[in-house]
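Worksheet: one structure, shown below.
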Amino acid sequence: MDRIAKLASEKAVVIFSKSSCCMCHTIKRLFYEQGVSPKIYELDEDSRGKEMERALMRLGCSTAVPAVFIGGEFVGSSNTIMTLHLNGSLKKLLKDAGALWL
């Protein structure tokens with residue numbers, strides 16, 4: 001858990017992902033299209049990925065990936081991020097965290 005918290009606070013937007021996950025790819029594209037350059041951790045390419053995956057599940061992720069942190073805080077997985085995007089509140093979160101300038 002400490003490692004997750006440390007990694008999640010390294011940049012305004014941090015995504016824990018798996019390279020083979022289609023929803024992870026979709027969420028990463030969403031952020032790139034918003035003009036955000038997130039820090040991405042591919043758990044299937046990390047030697048401690050399984051350990052981090054279990055820690056993310058303990059945080060409340062229904063599925064371990066994608067797990068999105070904005071401003072160092074756990075925001076949610078793909079359903080939450082898409083809901084925030086569709087209702088217009090994702091941009092405010094990104095601006096408040098310093099991930100977007102405009």
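The way I read the labels, and the way they are meant: chains A, B, ... in the order of the structure tokens, residue 1 as the first residue of every chain, and ligand 1 as the first ligand shown, with later ones counted on from there.
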Backbone-only DSSP, helix (DSSP H, G or I) members of stretch 46-95 of chain A, as a compact mmCIF listing (two decimals) with N, CA, C and O atoms, in the first residue's frame:
```txt
# COMPACT_ATOMS: atom_id res chain seq x y z
N GLY A 49 4.35 -6.41 -9.81
CA GLY A 49 3.01 -6.12 -10.30
C GLY A 49 1.90 -6.84 -9.58
O GLY A 49 0.86 -6.24 -9.28
N LYS A 50 2.09 -8.11 -9.27
CA LYS A 50 1.04 -8.88 -8.56
C LYS A 50 0.80 -8.31 -7.17
O LYS A 50 -0.33 -8.20 -6.72
N GLU A 51 1.88 -7.92 -6.52
CA GLU A 51 1.77 -7.32 -5.19
C GLU A 51 1.00 -6.00 -5.26
O GLU A 51 0.12 -5.73 -4.44
N MET A 52 1.32 -5.19 -6.26
CA MET A 52 0.62 -3.91 -6.43
C MET A 52 -0.85 -4.14 -6.79
O MET A 52 -1.73 -3.42 -6.34
N GLU A 53 -1.11 -5.17 -7.59
CA GLU A 53 -2.49 -5.50 -7.96
C GLU A 53 -3.32 -5.84 -6.72
O GLU A 53 -4.45 -5.37 -6.56
N ARG A 54 -2.75 -6.62 -5.81
CA ARG A 54 -3.46 -6.95 -4.57
C ARG A 54 -3.70 -5.70 -3.72
O ARG A 54 -4.76 -5.54 -3.12
N ALA A 55 -2.72 -4.81 -3.67
CA ALA A 55 -2.87 -3.57 -2.90
C ALA A 55 -3.98 -2.69 -3.49
O ALA A 55 -4.76 -2.09 -2.75
N LEU A 56 -4.06 -2.64 -4.81
CA LEU A 56 -5.12 -1.86 -5.46
C LEU A 56 -6.49 -2.45 -5.14
O LEU A 56 -7.45 -1.71 -4.91
N MET A 57 -6.60 -3.76 -5.11
CA MET A 57 -7.87 -4.40 -4.76
C MET A 57 -8.27 -4.05 -3.33
O MET A 57 -9.43 -3.81 -3.05
N ARG A 58 -7.30 -3.96 -2.43
CA ARG A 58 -7.59 -3.59 -1.04
C ARG A 58 -8.05 -2.14 -0.93
O ARG A 58 -8.75 -1.78 0.01
N LEU A 59 -7.65 -1.31 -1.89
CA LEU A 59 -8.09 0.09 -1.90
C LEU A 59 -9.56 0.23 -2.30
O LEU A 59 -10.14 1.28 -2.12
N SER A 78 -12.35 2.35 -14.64
CA SER A 78 -12.87 2.83 -15.92
C SER A 78 -14.29 3.38 -15.81
O SER A 78 -14.60 4.43 -16.39
N ASN A 79 -15.19 2.71 -15.07
CA ASN A 79 -16.57 3.19 -14.96
C ASN A 79 -16.62 4.58 -14.33
O ASN A 79 -17.34 5.46 -14.83
N THR A 80 -15.89 4.77 -13.26
CA THR A 80 -15.88 6.07 -12.58
C THR A 80 -15.30 7.15 -13.48
O THR A 80 -15.86 8.25 -13.57
N ILE A 81 -14.19 6.86 -14.13
CA ILE A 81 -13.53 7.85 -14.99
C ILE A 81 -14.44 8.23 -16.16
O ILE A 81 -14.59 9.42 -16.48
N MET A 82 -15.08 7.25 -16.78
CA MET A 82 -15.99 7.55 -17.89
C MET A 82 -17.19 8.37 -17.42
O MET A 82 -17.63 9.29 -18.11
N THR A 83 -17.72 8.06 -16.24
CA THR A 83 -18.84 8.83 -15.69
C THR A 83 -18.42 10.27 -15.46
O THR A 83 -19.14 11.21 -15.82
N LEU A 84 -17.25 10.47 -14.85
CA LEU A 84 -16.74 11.83 -14.61
C LEU A 84 -16.54 12.57 -15.92
O LEU A 84 -16.83 13.77 -16.01
N HIS A 85 -16.03 11.88 -16.92
CA HIS A 85 -15.82 12.51 -18.23
C HIS A 85 -17.15 12.92 -18.85
O HIS A 85 -17.31 14.05 -19.32
N LEU A 86 -18.11 12.03 -18.84
CA LEU A 86 -19.40 12.30 -19.47
C LEU A 86 -20.20 13.38 -18.75
O LEU A 86 -20.93 14.15 -19.39
N SER A 89 -17.18 16.57 -15.06
CA SER A 89 -16.40 16.90 -13.87
C SER A 89 -14.95 16.42 -13.91
O SER A 89 -14.15 16.82 -13.07
N LEU A 90 -14.58 15.60 -14.89
CA LEU A 90 -13.20 15.13 -14.98
C LEU A 90 -12.24 16.28 -15.25
O LEU A 90 -11.18 16.37 -14.64
N LYS A 91 -12.63 17.19 -16.14
CA LYS A 91 -11.74 18.32 -16.47
C LYS A 91 -11.43 19.16 -15.24
O LYS A 91 -10.30 19.60 -15.05
N LYS A 92 -12.43 19.39 -14.38
CA LYS A 92 -12.19 20.17 -13.17
C LYS A 92 -11.20 19.46 -12.27
O LYS A 92 -10.28 20.10 -11.73
N LEU A 93 -11.36 18.16 -12.09
CA LEU A 93 -10.40 17.39 -11.28
C LEU A 93 -8.99 17.51 -11.85
O LEU A 93 -8.03 17.68 -11.10
N LEU A 94 -8.88 17.42 -13.16
CA LEU A 94 -7.57 17.50 -13.81
C LEU A 94 -6.96 18.89 -13.65
O LEU A 94 -5.77 19.02 -13.40
N LYS A 95 -7.78 19.93 -13.79
CA LYS A 95 -7.29 21.30 -13.60
C LYS A 95 -6.85 21.53 -12.17
O LYS A 95 -5.78 22.09 -11.90
```
| message | Just want the 7 Å neighbourhood of A:Leu43, counted on only C-alpha atoms, with same-chain residues fewer than 3 positions away dropped. Output as a list in words. | response |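 In the requested format, the answer is Phe16, Ser17, Lys18, Asp46 and Gly49 of chain A.
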12 Å contact set for A:Arg29, only C-alpha atoms, chain neighbours under 4 positions out, as an mmCIF file with N, CA and C atoms, in the first residue's frame:
```cif
data_model
loop_
_atom_site.group_PDB
_atom_site.id
_atom_site.type_symbol
_atom_site.label_atom_id
_atom_site.label_comp_id
_atom_site.auth_asym_id
_atom_site.auth_seq_id
_atom_site.Cartn_x
_atom_site.Cartn_y
_atom_site.Cartn_z
ATOM 1 N N ILE A 15 -1.797 6.207 -13.656
ATOM 2 C CA ILE A 15 -2.676 5.099 -14.025
ATOM 3 C C ILE A 15 -1.923 3.793 -13.843
ATOM 4 N N CYS A 22 -7.929 -3.969 -22.569
ATOM 5 C CA CYS A 22 -8.540 -3.031 -23.522
ATOM 6 C C CYS A 22 -9.133 -1.811 -22.818
ATOM 7 N N MET A 23 -9.698 -1.966 -21.617
ATOM 8 C CA MET A 23 -10.244 -0.809 -20.901
ATOM 9 C C MET A 23 -9.121 0.108 -20.422
ATOM 10 N N CYS A 24 -7.988 -0.470 -20.081
ATOM 11 C CA CYS A 24 -6.827 0.348 -19.713
ATOM 12 C C CYS A 24 -6.398 1.207 -20.895
ATOM 13 N N HIS A 25 -6.353 0.603 -22.062
ATOM 14 C CA HIS A 25 -5.991 1.325 -23.275
ATOM 15 C C HIS A 25 -6.978 2.477 -23.517
ATOM 16 N N GLU A 33 -6.103 12.292 -25.042
ATOM 17 C CA GLU A 33 -6.948 13.156 -25.864
ATOM 18 C C GLU A 33 -7.381 14.424 -25.119
ATOM 19 N N GLN A 34 -7.349 14.385 -23.793
ATOM 20 C CA GLN A 34 -7.649 15.576 -22.982
ATOM 21 C C GLN A 34 -6.425 16.490 -22.859
ATOM 22 N N GLY A 35 -5.285 16.033 -23.381
ATOM 23 C CA GLY A 35 -4.060 16.815 -23.278
ATOM 24 C C GLY A 35 -3.268 16.515 -22.015
ATOM 25 N N VAL A 36 -3.583 15.409 -21.358
ATOM 26 C CA VAL A 36 -2.914 15.018 -20.119
ATOM 27 C C VAL A 36 -1.880 13.944 -20.440
ATOM 28 N N SER A 37 -0.734 14.060 -19.799
ATOM 29 C CA SER A 37 0.325 13.068 -19.972
ATOM 30 C C SER A 37 0.495 12.313 -18.647
ATOM 31 N N PRO A 38 -0.268 11.244 -18.457
ATOM 32 C CA PRO A 38 -0.216 10.530 -17.171
ATOM 33 C C PRO A 38 1.040 9.684 -17.031
ATOM 34 N N ILE A 40 2.222 6.126 -16.253
ATOM 35 C CA ILE A 40 1.552 4.831 -16.386
ATOM 36 C C ILE A 40 2.457 3.733 -15.860
ATOM 37 N N SER A 78 -12.350 2.345 -14.639
ATOM 38 C CA SER A 78 -12.873 2.834 -15.921
ATOM 39 C C SER A 78 -14.294 3.380 -15.812
ATOM 40 N N MET A 82 -15.078 7.249 -16.777
ATOM 41 C CA MET A 82 -15.989 7.551 -17.889
ATOM 42 C C MET A 82 -17.192 8.365 -17.423
#
```
| request: Give the strand (DSSP E or B) residues of stretch 5-43 of chain A, as DSSP finds them on the backbone, and put them as a list in words. | output: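 After running DSSP on the backbone, stretch 5-43 of chain A has strand (DSSP E or B) at Val13, Val14, Ile15, Phe16, Ser17, Lys39, Ile40, Tyr41 and Glu42 of chain A.
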| request: For atom CA of A:Lys28 and atom CA of A:Asp2, quote the distance in Å rounded to one decimal. | output: 23.8 Å
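Straight-line separation from atom CA of A:Ala64 to atom CA of A:Ser77: 8.1 Å.
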| Top pick for closest residue to A:Asp44, considering A:Ala99, A:Cys21, A:Val14, A:Ala5 and counting only C-alpha atoms |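 Among the listed residues, the smallest separation from A:Asp44 belongs to A:Cys21.
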| note | With distances taken over only C-alpha atoms, the candidate from A:Phe31, A:Gly60, A:Lys6, A:Asn87 nearest A:Val75 is A:Gly60
| field | Point-to-point distance in Å for atom CA of A:Ile4 and atom CA of A:Ser19 | value |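 Result for atom CA of A:Ser19 versus atom CA of A:Ile4: 18.2 Å, one decimal.
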| message | List the spatial neighbours of A:Ile70 as an MDAnalysis selection string - criterion: any atom at most 6 Å away, only C-alpha atoms, same-chain residues fewer than 3 positions off excluded. | response | chainID A and resid 12:13 73
